[in-house]
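This report refers to the structure that appears directly beneath it.
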Amino acid sequence: MSKHVEFKNHQREIFHFQLRLVVSIGFVLLLLAILLVRLIYLQAVRHNYYHTLAESNRIAIVPIVPNRGLILDRNGEVLARNYSGYTLEIDQNKTTNMEATINELSKLIEITHKDRKRFKKLLAESRDFGTLMIRNRLSDEEVARFAAQQYRFPAVEIKARLFRDYPFGEKMAHLIGYIGRINEDDVAHLEEKNLAANYRGSDYIGKTGLEQSYESDLHGTTGIEQVEVDAGGRAVRMLSHTTPVSGNTLVLSVDAKLQEIAEQSFGNYRGALVAIDPNNGEVLAFVSKPGYDPNPFIDGIDPQSWDELNNSPDVPLNNRALRGQYPPGSTIKPFMALAGLFYNERSPGYTISDPGYFTLPGSSRQYRDWKSGGHGSVNMFKAIQMSCDVYFYGLATELGIDNIFNYLTRFGFGKKTGIDLGERLENGEFEGESSGLLPSEEWKMRRYQQKWYTGDTVSAGIGQGYNLVTPVQLAFATATLANDGVAYRPHLVKEVRSSLGDEKRLIASEAIYDLNIDRAHLDLVKKAMVAVTQPGGTAVYAALGTPYSIAGKTGTAQVIAMKQGEKYDEKAVDERHRDHAWFIAFAPAVEPRIALVVLAENGGHGGSTAAPIARKVLDYYLLGKIPKPLPDVKVKEGGEHD
Amino acid sequence: MTRRQLWLRFIAHLDRPLLLGIALLLLTSLLVLYSADNASWEQPMKQLFNIVVALSCMWLIANLPLHYLMRTAVPIYVLGMVLLISVALFGEVSHGARRWLNLGIANLQPSELMKIGVPLMMAWYFEKHEATLTLKNYFIAALLLLMPIALIVRQPDLGTSILILASGFYVLFLAGLSWRVMGVLLIAAIGSAPVLWSTLHEYQRHRILMLFDPSQDALGNGYHTIQATIAVGSGGFLGKGYLNGTQTHLDFLPERTTDFIFAVYSEEFGLLGSIMLLALYSFVVWRGFIITGNASTYFTRLMAGSITLTFATYTFVNMGMVSGILPVVGVPLPLISYGGTSMLTLLLGFGMLMSIETHKKLVRT
């Protein structure tokens with residue numbers, strides 16, 4: 001009996017155990033199913049995703065930075081070039097004590113105080129944790145000395161790199177500009193424009209001048225090397241390779257020799273000169289004095305030199321030709337004369353009597369002529385030749401400010417010329433030029449919430465008051481006048497060539513508009529401008545003994561306002577408060593080949609300081625004559641005041 | 001005795017289907033290790049040595065009659081406890097964990113011993129009280145399980161604790177722990193989770209949290225999981241081919257000869273290979289269940305069932321960890337991952353299975 005029960009128990013026990021075993025098998029099958037589902041999900045469903053991840057794990061894209069395009073003058077003279085040289089670089093990731101490493105290095109290779117300061121700046125600005133330059137332009141001897149000791153500096157290496165060099169230094173600085181290290185702002189900018197990919201690996205970008213405005217041509221296309229890397233980032237083998245395309249070469253319309261002569265002709269004067277070929281808008285010389293050496297900017301200028309440049313009273317960093325805004329003074333008179341003829345307010349024969357001052361009807365306020373006592377009987381021709389203020393006071397008053405605005409705006413006054421300098425915008429225009437100021441009733445109301453007074457018109461007639469022009473703007477107006485009203489946009493770059501020279505792109509040489517100026521009006525004004533450089537004119541010295549004729553106009557831009565009845569005495573005024581001297585000209589007077597503007601800051605008289613500078617430039621351009629260093633021309637003739 | 005008779009004697013206690021499954025897995029191990037070690041023979045040769053040693057021990061155990069096996073239960077368990085306490089007192093610290101005991105000639109990891117010792121002890125205990133099983137006996141068996149676990153968790157070694165806990169639980173389960181008690185335990189476990197959480201080490205919590213979002217810590221602890229998942233997923237259906245795994249050979253996979261060796265296999269042999277491997281493991285487990293079903297005594301049934309289930313759990317935890325559905329707890333892939341200790345414990349277990357299978361007739365008579 002008991003044996004039976006035990007047997008039954010045993011049976012039951014076996015049954016229970018087998019039940020548990022079945023549950024266990026079910027449990028294992030469940031685990032198996034979970035794994036299967038997971039593996040199918042990873043290896044079949046999501047395979048593409050993980051495949052991509054694995055590929056991006058193993059493939060590194062290494063950019064190959066293209067060589068930057070060269071900049072040549074119109075005759076092939078090199079203005080910006082690349083040379084290869086050695087730099088000493090330190091890897092931020094591999095060193096723990098940067099300071100100590102550099103101290104140790106300086107025992108081997110000269111590291112100046114300036115180098116250290118620049119390095120600190122680079123360190124602060126660096127956008128990633130890559131390598132940073134400590135020294136550049138190492139000599140062969142320095143390279144050899146370091147190579148022998150390299151094992152002591154695991155974080156430091158010598159690299160061969162291409163460097164930018166501007167052989168003309170400060171003579172071309174405002175024109176060529178410079179490249180500099182890409183900073184965070186540049187990165188943001190590139191990302192905004194969707195260009196960041198092409199700048200992978202690039203260290204430099206154009207910061208000012210043509211280097212900036214033609215950045216997209218000069219930079220070139222970055223090549224790509226696909227390499228397989230391991231988890232440590234070491235390249236294992238190369239998978240594919242796209243060659244970089246070097247940047248395009250810029251061929252300028254600027255003549256380097258002419259630029260040099262123009263630059264030298266300024267002597268100690270500050271100022272600007274813009275010379276344009278009126279037949280096509282090609283800029284032949286583009287000077288802003290003083291310049292600065294762009295070379296130290298490339299790898300970051302040391303703070304001390306920067307302060308010196310930035311705080312200099314001569315503001316060498318300011319591009320006067322592009323951004324300097326000055327009252328045009330009497331250089332506006334030929335254009336005013338054309339306006340008078342256009343609106344029939346003046347006929348060529350109309351004559352006024354100049355008593356030396358002008359008064360508005362019903363007012364006692366006197367607007368003085370620069371020549372006390374006046375010029376006597378004056379018609380339009382004489383008014384331009386002798387720069388008679390009273391004639392133009394009257395003319396301006398009768399034209400009214402709105403007519404003046406409407407007419408002068410056609411010559412580009414108060415507007416940017418669109419010269420190819422500055423940052424290139426999406427619409428192809430350039431940002432950075434100043435627009436000057438051509439006042440109008442509407443402008444004054446908007447700017448000052450004041451109505452326009454007739455008195456404002458009087459001074460506008462001789463280019464004072466609110467009027468402001470930039471040298472390049474005045475050069476454009478002069479070139480347009482020289483070319484009989486057919487306007488060409490001024491441009492510094494003549495041609496963009498691919499690096500191999502097999503493709504060329506010309507920068508537009510088509511006229512942008514024709515003002516359709518009456519032939520007779522043009523003849524009158526141009527003849528009067530020729531007379532300016534002849535006996536009786538205000539710039540007689542400028543054309544003394546030239547085999548070609550010069551059409552010109554002098555001008556004076558007031559730096560400080562004169563009180564009513566006060567007399568301007570050059571000697572009594574602080575040098576920096578002296579008037580700016582202008583001279584605009586084109587030559588030869590018939591079928592002109594060059595139009596130019598000279599501004600000599602605090603130069604006093606246009607005829608005596610600005611015109612001689614123009615003369616040297618014209619002599620070289622038209623005759624190939626290289627000026628001897630001339631003693632400064634002393635002017636004793638009182639008639640050459642303005 | 002002829003040579004043939006000698007041979008038959010030699011293999012008499014080896015279960016052939018089980019041996020076949022094990023042998024195929026061990027071959028796979030050598031094959032994958034060669035690739036994981038970047039086509040070097042260094043680790044495969046060492047592993048071969050581990051295999052030879054472990055197989056010899058398996059053969060010995062397989063030939064051991066069951067009553068000998070039962071007799072070893074108490075001494076092994078006691079020895080294991082003593083060693084665990086010694087480790088807690090004067091163990092060697094390595095990688096922030098106190099797991100090793102320096103014996104002068106070799107480092108011993110007593111927790112490995114307990115992988116066999118705990119189920120053995122519990123099965124022995126149930127066999128002793130087979131006739132009069134009450135809830136009290138289950139309680140005592142549970143204590144036998146929890147004491148070593150407490151010491152191992154403190155080391156800390158989460159992976160081993162979980163596996164020993166599982167192997168002990170399987171004994172309880174197969175011994176007939178009532179469903180009601182298990183339900184209560186489950187509720188209690190869920191209830192005590194927050195308490196347990198607070199006793200975990202920071203890195204263990206981190207690993208568990210990371211399970212839910214490994215990308216949170218992509219360069220730290222999440223790196224293992226992410227790279228392993230990428231390796232598995234990028235393998236696709238047919239895999240990248242033997243020795244062609246980019247994740248493996250370009251060093252992206254961490255611990256690829258040990259805990260993450262399944263990622264290497266899966267990357268190179270794809271879904272097809274993974275399914276074949278799962279089939280191989282399933283075959284071994286299936287054979288284990290057959291042996292369990294055939295086992296003649298209470299002790300052997302419990303022991304065989306626990307060994308088989310633990311082996312399946314082992315495999316699941318490792319593959320789950322590599323494929324990103326379980327936290328990285330440091331469990332090697334059984335019979336394939338490089339390592340001598342786990343190889344030895346596993347093959348000792350299989351030795352017991354074989355002994356159970358081949359000695360049952362002797363027991364019945």
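Here's how to read the names in the structure tokens: chain A, B, ... by the order shown, residue numbers from 1 in each chain, ligand numbers from 1 in the order shown.
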Original post:
If we count only C-alpha atoms, which residues of chain A reach to within 9 Å of chain B? Please list them as a PyMOL selection string.
Top reply: chain A and resi 13+16-18+20-21+24-25+28-29+31-32+34-36+38-55+57-58+228-232+236
Could you please take those selected residues and save N, CA and C atoms as a short mmCIF file (atom, residue, chain, number, x, y, z; two decimals), in the first residue's frame?
data_model
loop_
_atom_site.label_atom_id
_atom_site.label_comp_id
_atom_site.auth_asym_id
_atom_site.auth_seq_id
_atom_site.Cartn_x
_atom_site.Cartn_y
_atom_site.Cartn_z
N GLU A 13 5.53 13.38 -8.93
CA GLU A 13 6.74 14.20 -8.87
C GLU A 13 7.37 14.34 -10.25
N HIS A 16 5.25 16.62 -12.26
CA HIS A 16 5.51 18.02 -11.87
C HIS A 16 6.80 18.52 -12.46
N PHE A 17 7.83 17.67 -12.35
CA PHE A 17 9.14 18.08 -12.85
C PHE A 17 9.09 18.31 -14.36
N GLN A 18 8.38 17.37 -15.04
CA GLN A 18 8.32 17.52 -16.49
C GLN A 18 7.55 18.76 -16.90
N ARG A 20 7.57 21.52 -15.19
CA ARG A 20 8.55 22.60 -14.99
C ARG A 20 9.55 22.64 -16.15
N LEU A 21 9.91 21.46 -16.62
CA LEU A 21 10.87 21.37 -17.73
C LEU A 21 10.27 22.00 -18.99
N SER A 24 10.41 25.56 -18.69
CA SER A 24 11.79 25.99 -18.91
C SER A 24 12.09 26.05 -20.41
N ILE A 25 11.65 25.03 -21.12
CA ILE A 25 11.89 25.02 -22.57
C ILE A 25 11.18 26.21 -23.22
N VAL A 28 13.24 29.26 -22.59
CA VAL A 28 14.41 29.33 -23.47
C VAL A 28 13.98 29.71 -24.90
N LEU A 29 12.86 29.16 -25.34
CA LEU A 29 12.37 29.51 -26.68
C LEU A 29 12.03 31.00 -26.75
N LEU A 31 13.49 33.40 -24.99
CA LEU A 31 14.78 34.10 -25.09
C LEU A 31 15.31 34.03 -26.52
N LEU A 32 15.20 32.85 -27.11
CA LEU A 32 15.67 32.66 -28.48
C LEU A 32 14.93 33.58 -29.44
N ILE A 34 13.42 36.41 -28.73
CA ILE A 34 13.83 37.80 -28.50
C ILE A 34 15.11 38.10 -29.27
N LEU A 35 16.08 37.19 -29.14
CA LEU A 35 17.36 37.40 -29.82
C LEU A 35 17.18 37.44 -31.34
N LEU A 36 16.36 36.52 -31.83
CA LEU A 36 16.14 36.47 -33.28
C LEU A 36 15.53 37.77 -33.79
N ARG A 38 15.63 40.67 -32.41
CA ARG A 38 16.59 41.75 -32.30
C ARG A 38 17.63 41.69 -33.44
N LEU A 39 18.09 40.51 -33.73
CA LEU A 39 19.11 40.37 -34.78
C LEU A 39 18.53 40.69 -36.15
N ILE A 40 17.29 40.24 -36.38
CA ILE A 40 16.66 40.56 -37.66
C ILE A 40 16.47 42.07 -37.78
N TYR A 41 16.08 42.68 -36.67
CA TYR A 41 15.90 44.14 -36.67
C TYR A 41 17.22 44.84 -37.02
N LEU A 42 18.29 44.44 -36.34
CA LEU A 42 19.57 45.12 -36.55
C LEU A 42 20.16 44.81 -37.92
N GLN A 43 20.11 43.54 -38.30
CA GLN A 43 20.89 43.13 -39.47
C GLN A 43 20.10 43.15 -40.77
N ALA A 44 18.80 43.16 -40.67
CA ALA A 44 18.01 43.22 -41.90
C ALA A 44 17.26 44.54 -42.01
N VAL A 45 16.44 44.84 -40.99
CA VAL A 45 15.61 46.04 -41.06
C VAL A 45 16.44 47.32 -41.07
N ARG A 46 17.36 47.40 -40.09
CA ARG A 46 18.12 48.63 -39.94
C ARG A 46 19.52 48.54 -40.53
N HIS A 47 19.74 47.58 -41.39
CA HIS A 47 21.09 47.36 -41.90
C HIS A 47 21.68 48.60 -42.56
N ASN A 48 20.87 49.25 -43.40
CA ASN A 48 21.40 50.42 -44.12
C ASN A 48 21.90 51.49 -43.17
N TYR A 49 21.12 51.72 -42.14
CA TYR A 49 21.48 52.73 -41.16
C TYR A 49 22.82 52.41 -40.51
N TYR A 50 22.94 51.17 -40.04
CA TYR A 50 24.18 50.79 -39.36
C TYR A 50 25.34 50.68 -40.32
N HIS A 51 25.02 50.32 -41.56
CA HIS A 51 26.07 50.28 -42.58
C HIS A 51 26.67 51.67 -42.75
N THR A 52 25.79 52.66 -42.84
CA THR A 52 26.25 54.04 -42.98
C THR A 52 27.10 54.45 -41.78
N LEU A 53 26.63 54.08 -40.62
CA LEU A 53 27.39 54.44 -39.41
C LEU A 53 28.77 53.80 -39.43
N ALA A 54 28.82 52.55 -39.84
CA ALA A 54 30.11 51.86 -39.86
C ALA A 54 31.04 52.50 -40.89
N GLU A 55 30.45 52.89 -42.03
CA GLU A 55 31.27 53.52 -43.07
C GLU A 55 31.82 54.85 -42.58
N ASN A 57 32.33 55.67 -39.65
CA ASN A 57 33.33 55.35 -38.63
C ASN A 57 34.70 55.18 -39.26
N ARG A 58 34.71 54.43 -40.36
CA ARG A 58 36.01 54.00 -40.87
C ARG A 58 36.57 54.94 -41.92
N GLU A 228 40.80 55.37 -45.15
CA GLU A 228 40.26 54.51 -44.12
C GLU A 228 41.08 54.76 -42.86
N VAL A 229 40.36 54.97 -41.77
CA VAL A 229 41.07 55.22 -40.52
C VAL A 229 40.65 54.19 -39.49
N ASP A 230 41.52 53.99 -38.51
CA ASP A 230 41.15 53.10 -37.41
C ASP A 230 40.58 53.94 -36.27
N ALA A 231 40.22 53.28 -35.18
CA ALA A 231 39.56 53.99 -34.09
C ALA A 231 40.44 55.09 -33.53
N GLY A 232 41.75 54.95 -33.67
CA GLY A 232 42.65 55.96 -33.16
C GLY A 232 42.82 57.12 -34.13
N VAL A 236 44.79 54.29 -42.56
CA VAL A 236 45.24 52.93 -42.87
C VAL A 236 45.52 52.78 -44.36
#
Original post:
Counting only C-alpha atoms, what is within 8 Å of Ala475 of chain A, bar same-chain residues fewer than 4 positions away, as a PyMOL selection string?
Top reply: chain A and resi 274-276+471+479+584+595-597
For C-alpha atoms, I'd like the residues from the last selection saved as a CSV table (one decimal), in the first residue's frame.
chain,number,residue,atom,x,y,z
A,274,VAL,CA,42.2,107.0,-58.3
A,275,ALA,CA,43.0,106.8,-62.0
A,276,ILE,CA,40.5,105.3,-64.5
A,471,PRO,CA,37.7,109.8,-54.3
A,479,ALA,CA,35.8,109.5,-66.2
A,584,ILE,CA,40.4,116.1,-61.1
A,595,ALA,CA,40.9,110.3,-65.9
A,596,LEU,CA,42.0,110.7,-62.4
A,597,VAL,CA,41.3,112.2,-59.0
Subject >> Long-range neighbours of segment 71-86 of chain A as JSON, numbers by chain, 8 Å cut-off, only C-alpha atoms, 6 positions minimum in chain >> reply: {"A": [136, 137, 138, 139, 143, 158, 159, 160, 161, 162, 163, 164, 165, 166, 167, 168, 172, 176, 249, 250, 251, 252, 253, 254, 255, 256, 494]}
Within 12 Å of His67 of chain B, counting only C-alpha atoms, which residues show up once you throw out same-chain ones fewer than 2 positions away? Write them as a compact mmCIF listing (two decimals) with N, CA and C atoms, in the first residue's frame, please.
# COMPACT_ATOMS: atom_id res chain seq x y z
N ILE B 61 35.32 14.70 -15.00
CA ILE B 61 34.02 14.82 -14.32
C ILE B 61 33.01 13.86 -14.94
N ASN B 63 33.52 11.11 -16.16
CA ASN B 63 33.78 9.74 -15.74
C ASN B 63 33.55 9.52 -14.25
N LEU B 64 33.27 10.61 -13.57
CA LEU B 64 33.08 10.51 -12.12
C LEU B 64 31.67 9.99 -11.83
N PRO B 65 31.53 8.94 -11.09
CA PRO B 65 30.19 8.45 -10.74
C PRO B 65 29.45 9.50 -9.93
N LEU B 69 30.13 12.85 -7.18
CA LEU B 69 29.78 14.22 -7.51
C LEU B 69 28.99 14.83 -6.35
N MET B 70 28.01 14.04 -5.85
CA MET B 70 27.21 14.55 -4.75
C MET B 70 28.05 14.82 -3.53
N ARG B 71 29.05 13.99 -3.33
CA ARG B 71 29.88 14.15 -2.15
C ARG B 71 30.72 15.43 -2.21
N THR B 72 30.99 15.87 -3.44
CA THR B 72 31.82 17.08 -3.53
C THR B 72 31.02 18.35 -3.22
N ALA B 73 29.67 18.25 -3.23
CA ALA B 73 28.85 19.46 -3.12
C ALA B 73 29.19 20.30 -1.89
N TRP B 124 22.06 19.22 -3.99
CA TRP B 124 22.39 18.26 -2.93
C TRP B 124 21.42 18.40 -1.77
N GLU B 127 18.03 17.03 -2.63
CA GLU B 127 18.10 15.57 -2.68
C GLU B 127 17.99 14.99 -1.27
N THR B 297 17.69 10.73 -10.93
CA THR B 297 17.48 11.10 -9.53
C THR B 297 17.08 12.57 -9.44
N PHE B 299 18.45 14.81 -7.54
CA PHE B 299 19.68 15.61 -7.61
C PHE B 299 20.12 15.84 -9.04
N THR B 300 20.17 14.77 -9.82
CA THR B 300 20.68 14.93 -11.19
C THR B 300 19.71 15.73 -12.04
N MET B 352 29.48 17.32 -15.96
CA MET B 352 28.44 16.80 -15.06
C MET B 352 27.25 16.28 -15.86
N SER B 355 28.16 13.05 -17.23
CA SER B 355 28.18 12.04 -16.16
C SER B 355 26.74 11.61 -15.82
N ILE B 356 25.86 12.63 -15.73
CA ILE B 356 24.46 12.35 -15.41
C ILE B 356 23.85 11.45 -16.47
N HIS B 359 25.85 7.81 -16.47
CA HIS B 359 25.87 6.99 -15.26
C HIS B 359 24.48 6.61 -14.77
N LYS B 360 23.42 7.04 -15.50
CA LYS B 360 22.09 6.86 -14.95
C LYS B 360 21.70 5.38 -14.79
N LEU B 362 23.63 2.96 -14.18
CA LEU B 362 24.32 2.42 -13.01
C LEU B 362 23.57 2.76 -11.73
N VAL B 363 22.99 3.96 -11.72
CA VAL B 363 22.28 4.38 -10.52
C VAL B 363 21.03 3.55 -10.31
Subject >> strand (DSSP E) residues, from DSSP on the backbone, in segment 362-456 of chain A, as number ranges by chain >> reply: A: 366-368, 376-378, 423-424, 430-431
Convert the current residue selection to file output with C-alpha atoms, as a PDB file, in the first residue's frame.
ATOM      1  CA  GLN A 366      27.364 137.483 -47.781  1.00  0.00           C
ATOM      2  CA  TYR A 367      28.628 134.308 -49.474  1.00  0.00           C
ATOM      3  CA  ARG A 368      32.201 135.135 -50.278  1.00  0.00           C
ATOM      4  CA  GLY A 376      34.840 140.880 -62.427  1.00  0.00           C
ATOM      5  CA  SER A 377      32.834 139.964 -65.511  1.00  0.00           C
ATOM      6  CA  VAL A 378      32.434 136.174 -65.652  1.00  0.00           C
ATOM      7  CA  GLU A 423      32.778  91.947 -49.328  1.00  0.00           C
ATOM      8  CA  ARG A 424      30.926  90.425 -52.261  1.00  0.00           C
ATOM      9  CA  PHE A 430      30.227  94.793 -53.052  1.00  0.00           C
ATOM     10  CA  GLU A 431      29.793  95.958 -49.521  1.00  0.00           C
TER      11      GLU A 431
END
**OP:** List every residue of segment 437-509 of chain A that DSSP, applied to the backbone, labels as helix (DSSP H, G or I), and write the result as an MDAnalysis selection string.
**Re:** chainID A and resid 441:448 454:460 471:482
Original post:
Do you know which residues are at most 12 Å from segment 178-192 of chain B counting only C-alpha atoms, after dropping those on the same chain fewer than 5 positions away, and could you put them as number ranges by chain?
Top reply: A: 16-17, 20, 23; B: 133-135, 138-139, 142, 169-170, 172-173, 197-199
File of the preceding selection, N, CA and C atoms, as a compact mmCIF listing (two decimals), in the first residue's frame:
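Final file, again.txt:
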# COMPACT_ATOMS: atom_id res chain seq x y z
N HIS A 16 5.25 16.62 -12.26
CA HIS A 16 5.51 18.02 -11.87
C HIS A 16 6.80 18.52 -12.46
N PHE A 17 7.83 17.67 -12.35
CA PHE A 17 9.14 18.08 -12.85
C PHE A 17 9.09 18.31 -14.36
N ARG A 20 7.57 21.52 -15.19
CA ARG A 20 8.55 22.60 -14.99
C ARG A 20 9.55 22.64 -16.15
N VAL A 23 7.98 24.31 -19.06
CA VAL A 23 7.99 25.76 -18.85
C VAL A 23 9.39 26.30 -19.14
N LEU B 133 9.79 17.63 1.67
CA LEU B 133 10.00 19.03 1.29
C LEU B 133 8.88 19.92 1.81
N THR B 134 9.30 20.96 2.55
CA THR B 134 8.33 21.98 2.96
C THR B 134 8.88 23.33 2.54
N LEU B 135 8.08 24.33 2.77
CA LEU B 135 8.49 25.70 2.40
C LEU B 135 9.80 26.09 3.09
N TYR B 138 12.79 25.22 1.07
CA TYR B 138 13.03 26.20 -0.01
C TYR B 138 13.70 27.44 0.53
N PHE B 139 13.25 27.82 1.73
CA PHE B 139 13.80 29.02 2.35
C PHE B 139 15.28 28.84 2.64
N ALA B 142 17.21 28.91 -0.50
CA ALA B 142 17.35 30.29 -0.96
C ALA B 142 18.47 31.00 -0.21
N PHE B 169 18.17 30.07 -8.86
CA PHE B 169 16.73 30.19 -9.01
C PHE B 169 16.18 29.01 -9.82
N TYR B 170 16.94 28.62 -10.85
CA TYR B 170 16.48 27.49 -11.67
C TYR B 170 16.35 26.23 -10.82
N LEU B 172 15.65 26.14 -7.61
CA LEU B 172 14.44 26.32 -6.83
C LEU B 172 13.20 26.04 -7.68
N PHE B 173 13.24 26.57 -8.90
CA PHE B 173 12.11 26.44 -9.80
C PHE B 173 11.87 24.97 -10.15
N TRP B 197 18.44 49.44 -5.94
CA TRP B 197 19.06 50.49 -6.76
C TRP B 197 20.05 51.29 -5.94
N SER B 198 19.63 51.59 -4.71
CA SER B 198 20.48 52.44 -3.89
C SER B 198 21.74 51.71 -3.44
N THR B 199 21.70 50.36 -3.46
CA THR B 199 22.90 49.63 -3.03
C THR B 199 23.87 49.43 -4.20
Mind dumping a table of every segment 454-566 of chain A residue within 10 Å of segment 385-395 of chain A, with the nearest atom pair and its distance in Å to one decimal, using only C-alpha atoms, sorted by chain and rising number, as JSON lines?
{"residue": "A:Gly455", "atom": "CA", "partner": "A:Tyr393", "partner_atom": "CA", "distance": 9.5}
{"residue": "A:Thr457", "atom": "CA", "partner": "A:Tyr393", "partner_atom": "CA", "distance": 8.0}
{"residue": "A:Val458", "atom": "CA", "partner": "A:Tyr393", "partner_atom": "CA", "distance": 4.9}
{"residue": "A:Ser459", "atom": "CA", "partner": "A:Tyr393", "partner_atom": "CA", "distance": 6.9}
{"residue": "A:Ala460", "atom": "CA", "partner": "A:Tyr393", "partner_atom": "CA", "distance": 8.2}
{"residue": "A:Gly461", "atom": "CA", "partner": "A:Phe392", "partner_atom": "CA", "distance": 5.5}
{"residue": "A:Ile462", "atom": "CA", "partner": "A:Phe392", "partner_atom": "CA", "distance": 6.3}
{"residue": "A:Gly463", "atom": "CA", "partner": "A:Phe392", "partner_atom": "CA", "distance": 9.8}
{"residue": "A:Val525", "atom": "CA", "partner": "A:Gln385", "partner_atom": "CA", "distance": 9.4}
{"residue": "A:Lys527", "atom": "CA", "partner": "A:Gln385", "partner_atom": "CA", "distance": 9.0}
{"residue": "A:Ala528", "atom": "CA", "partner": "A:Gln385", "partner_atom": "CA", "distance": 5.5}
{"residue": "A:Met529", "atom": "CA", "partner": "A:Gln385", "partner_atom": "CA", "distance": 6.3}
{"residue": "A:Val530", "atom": "CA", "partner": "A:Gln385", "partner_atom": "CA", "distance": 8.0}
{"residue": "A:Ala531", "atom": "CA", "partner": "A:Gln385", "partner_atom": "CA", "distance": 5.6}
{"residue": "A:Val532", "atom": "CA", "partner": "A:Gln385", "partner_atom": "CA", "distance": 4.5}
{"residue": "A:Thr533", "atom": "CA", "partner": "A:Gln385", "partner_atom": "CA", "distance": 8.2}
{"residue": "A:Gln534", "atom": "CA", "partner": "A:Gln385", "partner_atom": "CA", "distance": 8.7}
{"residue": "A:Pro535", "atom": "CA", "partner": "A:Gln385", "partner_atom": "CA", "distance": 9.6}
{"residue": "A:Gly536", "atom": "CA", "partner": "A:Met386", "partner_atom": "CA", "distance": 7.0}
{"residue": "A:Gly537", "atom": "CA", "partner": "A:Gln385", "partner_atom": "CA", "distance": 4.9}
{"residue": "A:Thr538", "atom": "CA", "partner": "A:Met386", "partner_atom": "CA", "distance": 5.8}
{"residue": "A:Ala539", "atom": "CA", "partner": "A:Gln385", "partner_atom": "CA", "distance": 9.0}
{"residue": "A:Gly552", "atom": "CA", "partner": "A:Gln385", "partner_atom": "CA", "distance": 9.1}
{"residue": "A:Lys553", "atom": "CA", "partner": "A:Gln385", "partner_atom": "CA", "distance": 7.9}
{"residue": "A:Thr554", "atom": "CA", "partner": "A:Ser387", "partner_atom": "CA", "distance": 7.9}
{"residue": "A:Gly555", "atom": "CA", "partner": "A:Ser387", "partner_atom": "CA", "distance": 8.5}
